[in-house]
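S.K.: Would you mind keeping the following structure in view while I ask a few things?
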Amino acid sequence: MTLQVSGASIVRGGVRTLNQVSLSVARGERVALVGHNGAGKTTLMKAVLGLWPLDEGEVSIMGEPPGSKAAQERTAYLPENVSFHPALTGREVLQMLASIRKDSASVERLLERVGIADAASRRIGTYSKGMRQRLGLAQALLAQPRLAVLDEPTSGLDPVSRNDFYKLVDELAGNGTAILISSHALTELEAKTDRIAILRNGHLVVNDTLTALRQQAGLPIKVRITANSMLTDAIAESLGGRRINGQSLELVCAPETKVKTLSRITELGSIIEDVDVIPPCLDELYQYYSAEDQQ
Amino acid sequence: MRTAFAFAANEFRISRRNRLLWASVLMMVLFSGALTLLSSGSAGNLGVDTLTAASASLATLSVYLVPLIALILSFDAIAGELERGTLALILTYPAPRFSLIFGKFLAHGATLAIALCLGYGVAAGVSLAVGSASIESAMYLLRLLGGALLLGASFLGLGYALSAWTRSTGAAAGYAIGAWLFVVVLYDVALLAGLVVDTSGGPFSKIYFPWLLIANPADAFRLVTLPSGQAAELSSGFISSAAAMSAGPLVSLLAWPVAMLVLAWMSIRRISP
């Protein structure tokens, strides 16, 4: 395991912001850390980075304690909302950080790779939010880290930048870097992570793959049918379901009756123009698991 | 050390681009030039050359100005990084926390040194142009430069310690002004009040006063750079006590920067960003 967290607890100001959390991230694995504001995501990340000391439990990064020089050399971090000094240029900041990581040779290549090579000689004060985030990502790619800790890296990014961002993350994981990534934007994580860990009030309530979570939760699947507007009422009568606009009808079924429902729809033949099957998305799963915890 | 130089290079760029370097240079040059021109008139009457008389004025100027410039350069060093979110990032790098402070110290020290060299250089130039200078007065100016650098270094360290202690640029700025006012102005007023009360030559004047004088870096600077003879009275008006003549002030002036950097290091170690 690249990252191993066992029974980690942190008490801050009398509140257990992290409570007996155990989590591991293997080589090349992408784990998403999900939770409300104040659920303990940032706390867990700071514990992993050795910035906040643990009150109980243990963290090890390739066998080294967090905050040790050996662990620091292998760990990259992208903080939430990092803004480098506005009077410096992107290249100057990256060169400084590269020289600490003894990887000065990669500066130009990384500037190119995150797509800010053209702006590298401009002051950071003139950068957009997306460009600052790209610079932050460039420093996280320095010196081939074994573990990358990314705190809400895509907040405030446009869809194109997000896509570029996840491409780089995939590349990093492809080279064997373990990735711990936190996000509010649950839906965007769906195809981009191998495992989901949900934190709630400092507890780790869920830690599994997306498919396994879907099966366990047994959340209903939505089937959306588009048909000629003259006939939707008739279809609604025979199949049940709810009209959502003039032409569309939404059916809800359990995972095990999905195939049966679909065959009933196809029996109706050519009056059906289109059928969409919508599996429960991460947002719904997240709501399900946090509600379950409340009971 | 490589890490400290990496921090220093960018920090020096920042003080250049923020115009802090130019502001410091401008302050030193303008005040030094004006003081030298003013003191060139009195030099003949005192029987010293122009540069010696000017240096005495420069010492008094530097006691106020150098700590002020040093605090302006340093007060947001740590708190600013914390507020921008860059401190958390830098502290995850394989770099000792002291290297961050030391890198900033190198850059700000260089900024201060440039301002002092140019300011004192203007004083020497003006003295040569309108009056007189000698090897002795040039040596004295160098002693002044060394003393001012140590004084500045003490206040740079104090600025970092305040910045790391308060963790907010606003609070750090407030404490910096307070520290400056206390060390440079109020401390001497309090000592003077003590002397006035203790006119009969009691224990305060005899035992405590010399040590209290040495303990303050600004007063230690005055004592170290005190020129001998008439110019001494011109510059300070301090009585020459036994302690003031010994190595005490120099030891104090050397110890202050070290102590302040250690304090700054202890303060940054307490931060969990």
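Chain labels run A, B, ... following the order of the structure tokens; each chain numbers its residues from 1, and ligands are numbered from 1 in the order shown.
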Could you write out as JSON, numbers by chain the residues of chain B within 8 Å of chain A, counting only C-alpha atoms?
M.R.: {"B": [2, 3, 6, 7, 10, 13, 14, 17, 18, 84, 85, 86, 88, 89, 91, 92, 93, 94, 95, 272, 273]}
S.K.: Name all residues at most 7 Å from Ser6 (chain A) (count only C-alpha atoms; drop same-chain ones fewer than 6 positions away) and give them as a PyMOL selection string.
M.R.: chain A and resi 21-23+57-59
S.K.: Write the residues you've just listed into a file as a PDB file, in the first residue's frame, and include N, CA, C and O atoms for each of them.
M.R.:
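Written output follows (selection_22.pdb):
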ATOM      1  N   VAL A  21     -10.531   6.775  11.570  1.00  0.00           N
ATOM      2  CA  VAL A  21     -10.619   6.552  10.127  1.00  0.00           C
ATOM      3  C   VAL A  21      -9.511   5.606   9.674  1.00  0.00           C
ATOM      4  O   VAL A  21      -8.345   5.804  10.010  1.00  0.00           O
ATOM      5  N   SER A  22      -9.909   4.562   8.958  1.00  0.00           N
ATOM      6  CA  SER A  22      -8.922   3.662   8.350  1.00  0.00           C
ATOM      7  C   SER A  22      -9.164   3.620   6.847  1.00  0.00           C
ATOM      8  O   SER A  22     -10.296   3.436   6.406  1.00  0.00           O
ATOM      9  N   LEU A  23      -8.112   3.813   6.098  1.00  0.00           N
ATOM     10  CA  LEU A  23      -8.256   3.936   4.647  1.00  0.00           C
ATOM     11  C   LEU A  23      -6.907   3.604   4.028  1.00  0.00           C
ATOM     12  O   LEU A  23      -5.873   3.918   4.604  1.00  0.00           O
ATOM     13  N   GLY A  57      -4.060   6.683  16.397  1.00  0.00           N
ATOM     14  CA  GLY A  57      -3.909   5.998  15.121  1.00  0.00           C
ATOM     15  C   GLY A  57      -2.585   6.280  14.442  1.00  0.00           C
ATOM     16  O   GLY A  57      -1.661   6.825  15.043  1.00  0.00           O
ATOM     17  N   GLU A  58      -2.531   5.904  13.172  1.00  0.00           N
ATOM     18  CA  GLU A  58      -1.255   5.926  12.481  1.00  0.00           C
ATOM     19  C   GLU A  58      -1.463   6.163  10.990  1.00  0.00           C
ATOM     20  O   GLU A  58      -2.468   5.732  10.421  1.00  0.00           O
ATOM     21  N   VAL A  59      -0.517   6.875  10.399  1.00  0.00           N
ATOM     22  CA  VAL A  59      -0.520   7.062   8.949  1.00  0.00           C
ATOM     23  C   VAL A  59       0.848   6.641   8.459  1.00  0.00           C
ATOM     24  O   VAL A  59       1.858   6.963   9.083  1.00  0.00           O
TER      25      VAL A  59
END
S.K.: Could you jot down the CA of Ser57 (chain B) to CA of Ser24 (chain B) separation for me, Å, one decimal place?
M.R.: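 Straight-line distance from CA of Ser57 (chain B) to CA of Ser24 (chain B) works out to 18.2 Å.
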S.K.: Go through region 47-136 of chain B and flag each residue having an atom no more than 12 Å from region 203-220 of chain B; for those, report the closest pair of atoms plus their distance in Å to one decimal, using only C-alpha atoms, ordered by chain and rising number, as a tab-separated table.
M.R.:
residue	atom	partner	partner_atom	distance
B:Ala59	CA	B:Ala218	CA	10.3
B:Thr60	CA	B:Ala218	CA	9.9
B:Leu61	CA	B:Ala218	CA	11.3
B:Ser62	CA	B:Ala218	CA	9.2
B:Val63	CA	B:Ala218	CA	5.9
B:Tyr64	CA	B:Ala218	CA	8.4
B:Leu65	CA	B:Ala218	CA	10.8
B:Val66	CA	B:Ala218	CA	9.7
B:Pro67	CA	B:Ala218	CA	8.4
B:Leu68	CA	B:Ala218	CA	11.6
S.K.: Could you turn the residues from that selection into a file that holds C-alpha atoms, as an mmCIF file, in the first residue's frame?
M.R.:
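Listed below is the output, result_35.cif:
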data_model
loop_
_atom_site.group_PDB
_atom_site.id
_atom_site.type_symbol
_atom_site.label_atom_id
_atom_site.label_comp_id
_atom_site.auth_asym_id
_atom_site.auth_seq_id
_atom_site.Cartn_x
_atom_site.Cartn_y
_atom_site.Cartn_z
ATOM 1 C CA ALA B 59 23.476 57.033 13.448
ATOM 2 C CA THR B 60 20.544 58.851 15.023
ATOM 3 C CA LEU B 61 18.557 58.607 11.804
ATOM 4 C CA SER B 62 19.310 54.900 11.453
ATOM 5 C CA VAL B 63 18.110 54.081 14.961
ATOM 6 C CA TYR B 64 14.615 55.086 13.862
ATOM 7 C CA LEU B 65 14.609 54.288 10.164
ATOM 8 C CA VAL B 66 16.381 50.919 9.970
ATOM 9 C CA PRO B 67 14.057 49.077 12.398
ATOM 10 C CA LEU B 68 11.077 50.610 10.600
#
S.K.: Show which residues sit within 8 Å of Val114 (chain A), as a count of residues only. Count only C-alpha atoms, and ignore same-chain residues fewer than 2 positions away.
M.R.: 9
S.K.: As a list in words, please: the residues near Phe5 (chain B) (cut-off 7 Å, only C-alpha atoms, same-chain neighbours under 4 positions excluded).
M.R.: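 Final neighbour list, sorted by chain and number: Met1, Ala9 and Gly103 of chain B.
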S.K.: What does the structure give for the distance between CA of Ile221 (chain A) and CA of Ala254 (chain A), in Å to one decimal?
M.R.: 6.0 Å
S.K.: From region 90-161 of chain A, collect each residue whose DSSP state is alpha helix (DSSP H) and return the set as a ChimeraX atom specification.
M.R.: /A:90-100,107-113,129-140,159-161
S.K.: For Thr177 (chain A), which residue among A:Ser24, A:Gln144, A:Ser290, A:Thr43 is the nearest when counting only C-alpha atoms?
M.R.: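 Checking each of A:Ser24, A:Gln144, A:Ser290, A:Thr43 against Thr177 (chain A), counting only C-alpha atoms, the winner is A:Gln144.
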S.K.: Which residues, written as a PDB file with N, CA and C atoms, in the first residue's frame, have at least one atom at most 8 Å from Leu54 (chain A), with only C-alpha atoms counted and residues fewer than 4 positions away on the same chain left out?
M.R.:
ATOM      1  N   ALA A   8      -7.141   6.562  12.509  1.00  0.00           N
ATOM      2  CA  ALA A   8      -6.673   7.928  12.725  1.00  0.00           C
ATOM      3  C   ALA A   8      -7.762   8.803  13.343  1.00  0.00           C
ATOM      4  N   SER A   9      -7.403   9.515  14.418  1.00  0.00           N
ATOM      5  CA  SER A   9      -8.318  10.475  15.033  1.00  0.00           C
ATOM      6  C   SER A   9      -7.586  11.788  15.270  1.00  0.00           C
ATOM      7  N   ILE A  10      -8.311  12.890  15.082  1.00  0.00           N
ATOM      8  CA  ILE A  10      -7.753  14.210  15.396  1.00  0.00           C
ATOM      9  C   ILE A  10      -8.806  14.975  16.180  1.00  0.00           C
ATOM     10  N   ALA A  47      -3.649  15.414   7.826  1.00  0.00           N
ATOM     11  CA  ALA A  47      -3.030  14.381   8.651  1.00  0.00           C
ATOM     12  C   ALA A  47      -2.099  13.523   7.792  1.00  0.00           C
ATOM     13  N   GLU A  58      -2.531   5.904  13.172  1.00  0.00           N
ATOM     14  CA  GLU A  58      -1.255   5.926  12.481  1.00  0.00           C
ATOM     15  C   GLU A  58      -1.463   6.163  10.990  1.00  0.00           C
TER      16      GLU A  58
END
